[in-house]
Amino acid sequence: MQPDISVKNLNKTYGGGFQALKNINLDIESGEIFALLGPNGAGKTTLISIICGIVNLSSGEVKAAGYDIIRDYRKARQSIGLVPQELNTDSFETVWDTVCFSRGLFGKPPSPAHIEQVLRDLSLWDKRSNRIMSLSGGMKRRVMIAKALSHEPQILFLDEPTAGVDVELRRDMWNMVRKLRENGVTIILTTHYIEEAEEMADRIGVIRDGEIILVEEKSTLMSKLGKKELRLHLQKPMEKLPGELLLEPVELSDDGYELIYSFDSQEEQDGVARLLRKLSELGIEYRDLQTRESSLEDIFVNLVHE
Amino acid sequence: MNLHGVSAIYKFEMARMRRTLMQSVASPVISTCLYFVVFGSAIGSRMGDIDNISYGAYIIPGLVMLSLLMQSISNASFGIYMPKFSGTIYEVLSAPVSYLEVVLGYVGAAATKSVILGIIILLTAKLFVNYDVLHPFWMFAFLVLTAITFSLFGFIIGIWADGFEKLQIVPLMIVTPLVFLGGTFYSIDMLPEAWQTVSLFNPVVYLISGFRWAFYGVSDVHVGISVGMTFFFLTSCMVGVWWIFKTGYRLRS
């Protein structure tokens with residue numbers, strides 16, 4: 001099956017000479033949720049903007065739903081819905097009008113039934129006759145999503161969808177994304193909230209300084225790069241690590257009450273047992289212990305700071 | 001052709017006109033009426049006829065042209081500037097619409113509004129001044145062509161402008177003087193010869209002259225030249241718009 005989004009050797013240099021994207025190659029499969037992570041200014045929005053037709057590419061080839069975004073721009077764009085990062089909405093139009101406008105703009109005949117469904121799904125139905133300017137920030141965000149879904153796109157881009165959004169809306173949005181995926185919509189989201197990618201995504205791509213530095217299944221990524229940590233709370237504080245422990249990847253906390261042992265979750269698991277045996281041989285007593293698996297956030301921070 | 005897209009933009013723009021009825025229709029109609037009252041009825045009654053046409057009737061084509069030009073420019077420039085300003089332009093740029101369709105939607109709506117306005121002003125003028133239209137077809141043709149041309153021009157200004165000041169500067173600083181000096185209130189035959197020559201460099205002279213010919217059969221320049229010049233401006237503006245979309249000027253980086 002062909003990928004829904006196919007990016008080949010994509011470069012983008014802005015007028016001022018700034019190279020925002022460097023030789024990007026990326027395939028996004030039909031029906032998956034793909035999270036694009038990266039620090040500010042890494043090129044996430046530029047990449048999305050090029051695929052959606054808002055920014056011109058400098059070189060390379062991009063296809064959406066199998067159509068070249070330049071030669072077959074109509075078919076390519078018809079298959080895409082975009083929720084941009086900024087809250088760019090009209091002010092004086094009603095919710096209903098602005099969503100109907102979007103559907104028409106994307107070449108679809110009017111369908112009050114579909115628009116009603118979209119508005120109901122996004123809890124906007126009661127607000128359909130309100131002017132957009134009278135809505136709260138969270139409601140405006142919903143309106144932007146409704147506009148993006150108005151023409152029944154096959155691919156949905158969510159650029160920082162939950163930035164500045166309250167917990168309730170974030171939950172609603174995640175539920176909506178899952179529902180869309182069940183209906184076969186491919187979803188690409190960029191986010192700062194690693195929690196979001198961790199919760200939602202099937203695959204994760206990390207972009208840094210205009211380059212894709214990694215694309216991996218989320219589960220593989222987490223197990224491959226995930227670190228585990230064992231913390232031992234000591235009965236008595238230690239001033240420094242005993243010589244026998246210096247060879248192990250063990251650190252002592254500043255107050256001397258904690259021993260922190262980091263290990264790879266992929267490696268053989270006898271490290272913990274060996275450490276505990278050593279501690280009892282040395283007569284070091286502890287009153288509690290806990291292990292923690294590193295989150296995607298830790299992995300991400302490590303990656304972008306390499 | 002994405003007809004649904006064209007119609008969406010067109011309807012959206014026309015809805016803006018309905019929402020701002022006072023600003024987009026009432027205020028130009030009122031200000032033009034003031035011209036008719038002051039120059040047509042009050043002062044006009046003491047002025048001699050020009051080309052055997054009463055002064056009140058003589059200035060009608062020029063005044064309609066004045067509103068037509070100003071409103072076409074302001075409708076179209078505002079129509080495309082606002083999405084740029086509010087950021088909603090992203091949607092048009094990412095939509096499956098061609099350049100032609102975008103222009104048809106925005107410029108078509110702006111020109112429609114101007115034509116409607118021009119007709120309202122003409123009807124209102126009937127209340128103040130008695131006039132006839134000798135060549136109704138040509139009158140309407142000039143009305144429509146000028147509305148389209150200057151809506152295209154307004155579209156270019158709206159793309160070019162990066163602030164509200166720039167949006168105002170062309171209509172106020174350039175178009176208004178050109179209209180006032182373009183024979184709205186006088187025949188350029190009444191000017192000293194040197195100024196007559198200077199006036200011929202004013203494009204608005206050709207528009208007003210042609211339009212007045214359609215009303216009364218008299219003109220400062222031959223009507224054929226007026227028609228030719230109108231098409232020349234139309235083509236120039238089309239080339240300008242074509243260039244904007246081809247280069248992505250101020251739209252796509």
# chains A, B, ... in the order shown; residues from 1 in each chain; ligands from 1
>>> interface_residues(of="chain A", to="chain B", cutoff="8 Å", atoms="only C-alpha atoms", output="PyMOL selection string")
chain A and resi 14-15+52-56+73-78+88-90+101-102+104-109
>>> residues_around(residues="range 120-125 of chain B", least_positions_apart="2", cutoff="12 Å", atoms="only C-alpha atoms", output="number ranges by chain")
B: 24-37, 40-41, 56-68, 113-118, 127-133, 139-140, 143, 215
>>> write_last_selection(atoms="C-alpha atoms", output="PDB file, in the first residue's frame")
ATOM      1  CA  SER B  24     -20.521  49.578   2.516  1.00  0.00           C
ATOM      2  CA  VAL B  25     -23.717  50.994   1.031  1.00  0.00           C
ATOM      3  CA  ALA B  26     -25.245  53.754   3.103  1.00  0.00           C
ATOM      4  CA  SER B  27     -22.155  55.875   3.642  1.00  0.00           C
ATOM      5  CA  PRO B  28     -21.045  56.137  -0.026  1.00  0.00           C
ATOM      6  CA  VAL B  29     -24.649  56.799  -1.035  1.00  0.00           C
ATOM      7  CA  ILE B  30     -24.986  59.565   1.554  1.00  0.00           C
ATOM      8  CA  SER B  31     -21.703  61.240   0.638  1.00  0.00           C
ATOM      9  CA  THR B  32     -22.578  61.134  -3.065  1.00  0.00           C
ATOM     10  CA  CYS B  33     -25.988  62.631  -2.282  1.00  0.00           C
ATOM     11  CA  LEU B  34     -24.213  65.469  -0.500  1.00  0.00           C
ATOM     12  CA  TYR B  35     -22.267  66.164  -3.682  1.00  0.00           C
ATOM     13  CA  PHE B  36     -25.516  66.244  -5.648  1.00  0.00           C
ATOM     14  CA  VAL B  37     -27.129  68.596  -3.154  1.00  0.00           C
ATOM     15  CA  GLY B  40     -25.785  69.801  -8.339  1.00  0.00           C
ATOM     16  CA  SER B  41     -28.709  71.650  -6.796  1.00  0.00           C
ATOM     17  CA  GLY B  56     -26.203  68.990 -11.987  1.00  0.00           C
ATOM     18  CA  ALA B  57     -26.621  66.342 -14.657  1.00  0.00           C
ATOM     19  CA  TYR B  58     -23.114  66.872 -16.027  1.00  0.00           C
ATOM     20  CA  ILE B  59     -21.407  65.777 -12.803  1.00  0.00           C
ATOM     21  CA  ILE B  60     -23.455  62.581 -12.327  1.00  0.00           C
ATOM     22  CA  PRO B  61     -21.215  60.249 -14.353  1.00  0.00           C
ATOM     23  CA  GLY B  62     -18.106  61.591 -12.598  1.00  0.00           C
ATOM     24  CA  LEU B  63     -19.616  61.204  -9.153  1.00  0.00           C
ATOM     25  CA  VAL B  64     -20.789  57.671  -9.862  1.00  0.00           C
ATOM     26  CA  MET B  65     -17.282  56.915 -11.163  1.00  0.00           C
ATOM     27  CA  LEU B  66     -15.775  58.380  -7.989  1.00  0.00           C
ATOM     28  CA  SER B  67     -17.802  56.034  -5.780  1.00  0.00           C
ATOM     29  CA  LEU B  68     -17.263  53.128  -8.129  1.00  0.00           C
ATOM     30  CA  LYS B 113     -20.878  45.186  -4.624  1.00  0.00           C
ATOM     31  CA  SER B 114     -19.553  48.206  -6.543  1.00  0.00           C
ATOM     32  CA  VAL B 115     -21.973  47.703  -9.421  1.00  0.00           C
ATOM     33  CA  ILE B 116     -24.902  47.396  -7.007  1.00  0.00           C
ATOM     34  CA  LEU B 117     -23.706  50.541  -5.288  1.00  0.00           C
ATOM     35  CA  GLY B 118     -23.287  52.394  -8.590  1.00  0.00           C
ATOM     36  CA  LEU B 127     -34.273  62.301  -6.755  1.00  0.00           C
ATOM     37  CA  PHE B 128     -32.068  65.374  -7.093  1.00  0.00           C
ATOM     38  CA  VAL B 129     -31.349  65.826 -10.791  1.00  0.00           C
ATOM     39  CA  ASN B 130     -33.182  64.994 -13.975  1.00  0.00           C
ATOM     40  CA  TYR B 131     -31.032  62.999 -16.396  1.00  0.00           C
ATOM     41  CA  ASP B 132     -31.344  60.463 -19.204  1.00  0.00           C
ATOM     42  CA  VAL B 133     -29.074  57.682 -20.326  1.00  0.00           C
ATOM     43  CA  MET B 139     -23.307  52.804 -19.542  1.00  0.00           C
ATOM     44  CA  PHE B 140     -23.683  49.398 -17.927  1.00  0.00           C
ATOM     45  CA  LEU B 143     -19.880  50.401 -14.995  1.00  0.00           C
ATOM     46  CA  PHE B 215     -25.111  59.169 -20.651  1.00  0.00           C
TER      47      PHE B 215
END
>>> atom_distance(atom1="CA of Val143 in chain A", atom2="CA of Arg128 in chain A")
9.6 Å
>>> closest_residue(among="B:Tyr186, B:Leu167, B:Lys84, B:Ile119", to="Gly48 in chain B", atoms="only C-alpha atoms")
B:Tyr186
>>> select_by_dssp(residues="range 122-298 of chain A", states="strand (DSSP E)", output="compact mmCIF listing (two decimals) with C-alpha atoms, in the first residue's frame")
# COMPACT_ATOMS: atom_id res chain seq x y z
CA ILE A 155 -5.34 13.08 6.20
CA LEU A 156 -5.51 15.42 9.18
CA PHE A 157 -2.68 17.67 10.34
CA LEU A 158 -2.82 18.93 13.90
CA ASP A 159 -0.10 21.46 14.52
CA THR A 186 -4.35 9.39 8.91
CA ILE A 187 -3.29 11.84 11.60
CA ILE A 188 -0.08 13.78 11.85
CA LEU A 189 0.38 15.83 14.96
CA THR A 190 3.16 18.01 16.19
CA THR A 191 3.33 18.61 19.85
CA ARG A 203 5.04 6.23 15.35
CA ILE A 204 7.22 9.12 16.32
CA GLY A 205 9.53 11.26 14.25
CA VAL A 206 11.99 13.63 15.82
CA ILE A 207 13.10 16.68 13.92
CA ARG A 208 16.02 18.86 14.95
CA GLU A 211 16.65 17.30 9.87
CA ILE A 212 14.66 14.21 10.73
CA ILE A 213 16.96 12.49 13.19
CA LEU A 214 14.76 9.56 14.00
CA VAL A 215 11.55 7.82 12.93
CA GLU A 216 10.50 4.85 15.00
CA GLU A 217 7.52 2.93 16.29
CA LYS A 227 16.33 3.72 30.59
CA LYS A 228 15.31 2.27 33.90
CA GLU A 229 16.31 3.69 37.18
CA LEU A 230 16.46 2.07 40.60
CA ARG A 231 16.45 4.34 43.64
CA LEU A 232 17.41 2.97 47.03
CA HIS A 233 16.57 4.98 50.11
CA LEU A 234 19.28 4.31 52.67
CA VAL A 250 25.62 4.07 40.57
CA GLU A 251 25.34 7.63 41.81
CA LEU A 252 24.89 9.00 45.29
CA GLU A 258 19.81 7.83 48.02
CA LEU A 259 21.65 5.50 45.72
CA ILE A 260 20.59 5.87 42.08
CA TYR A 261 21.31 3.01 39.72
CA SER A 262 20.62 3.51 36.00
CA PHE A 263 20.37 0.59 33.64
CA ASP A 264 19.18 -0.26 30.19
CA TYR A 286 18.05 0.47 52.84
CA ARG A 287 14.50 1.01 53.90
CA ASP A 288 12.79 1.43 50.54
CA LEU A 289 13.42 1.03 46.84
CA GLN A 290 11.64 2.08 43.67
CA THR A 291 12.20 1.65 39.95
CA ARG A 292 11.17 4.04 37.25
CA GLU A 293 11.07 3.69 33.47
>>> residues_around(residues="Leu152 in chain B", least_positions_apart="2", cutoff="12 Å", atoms="only C-alpha atoms", output="ChimeraX atom specification")
/B:69,71-80,100,102-111,145-150,154-159,233-242,244
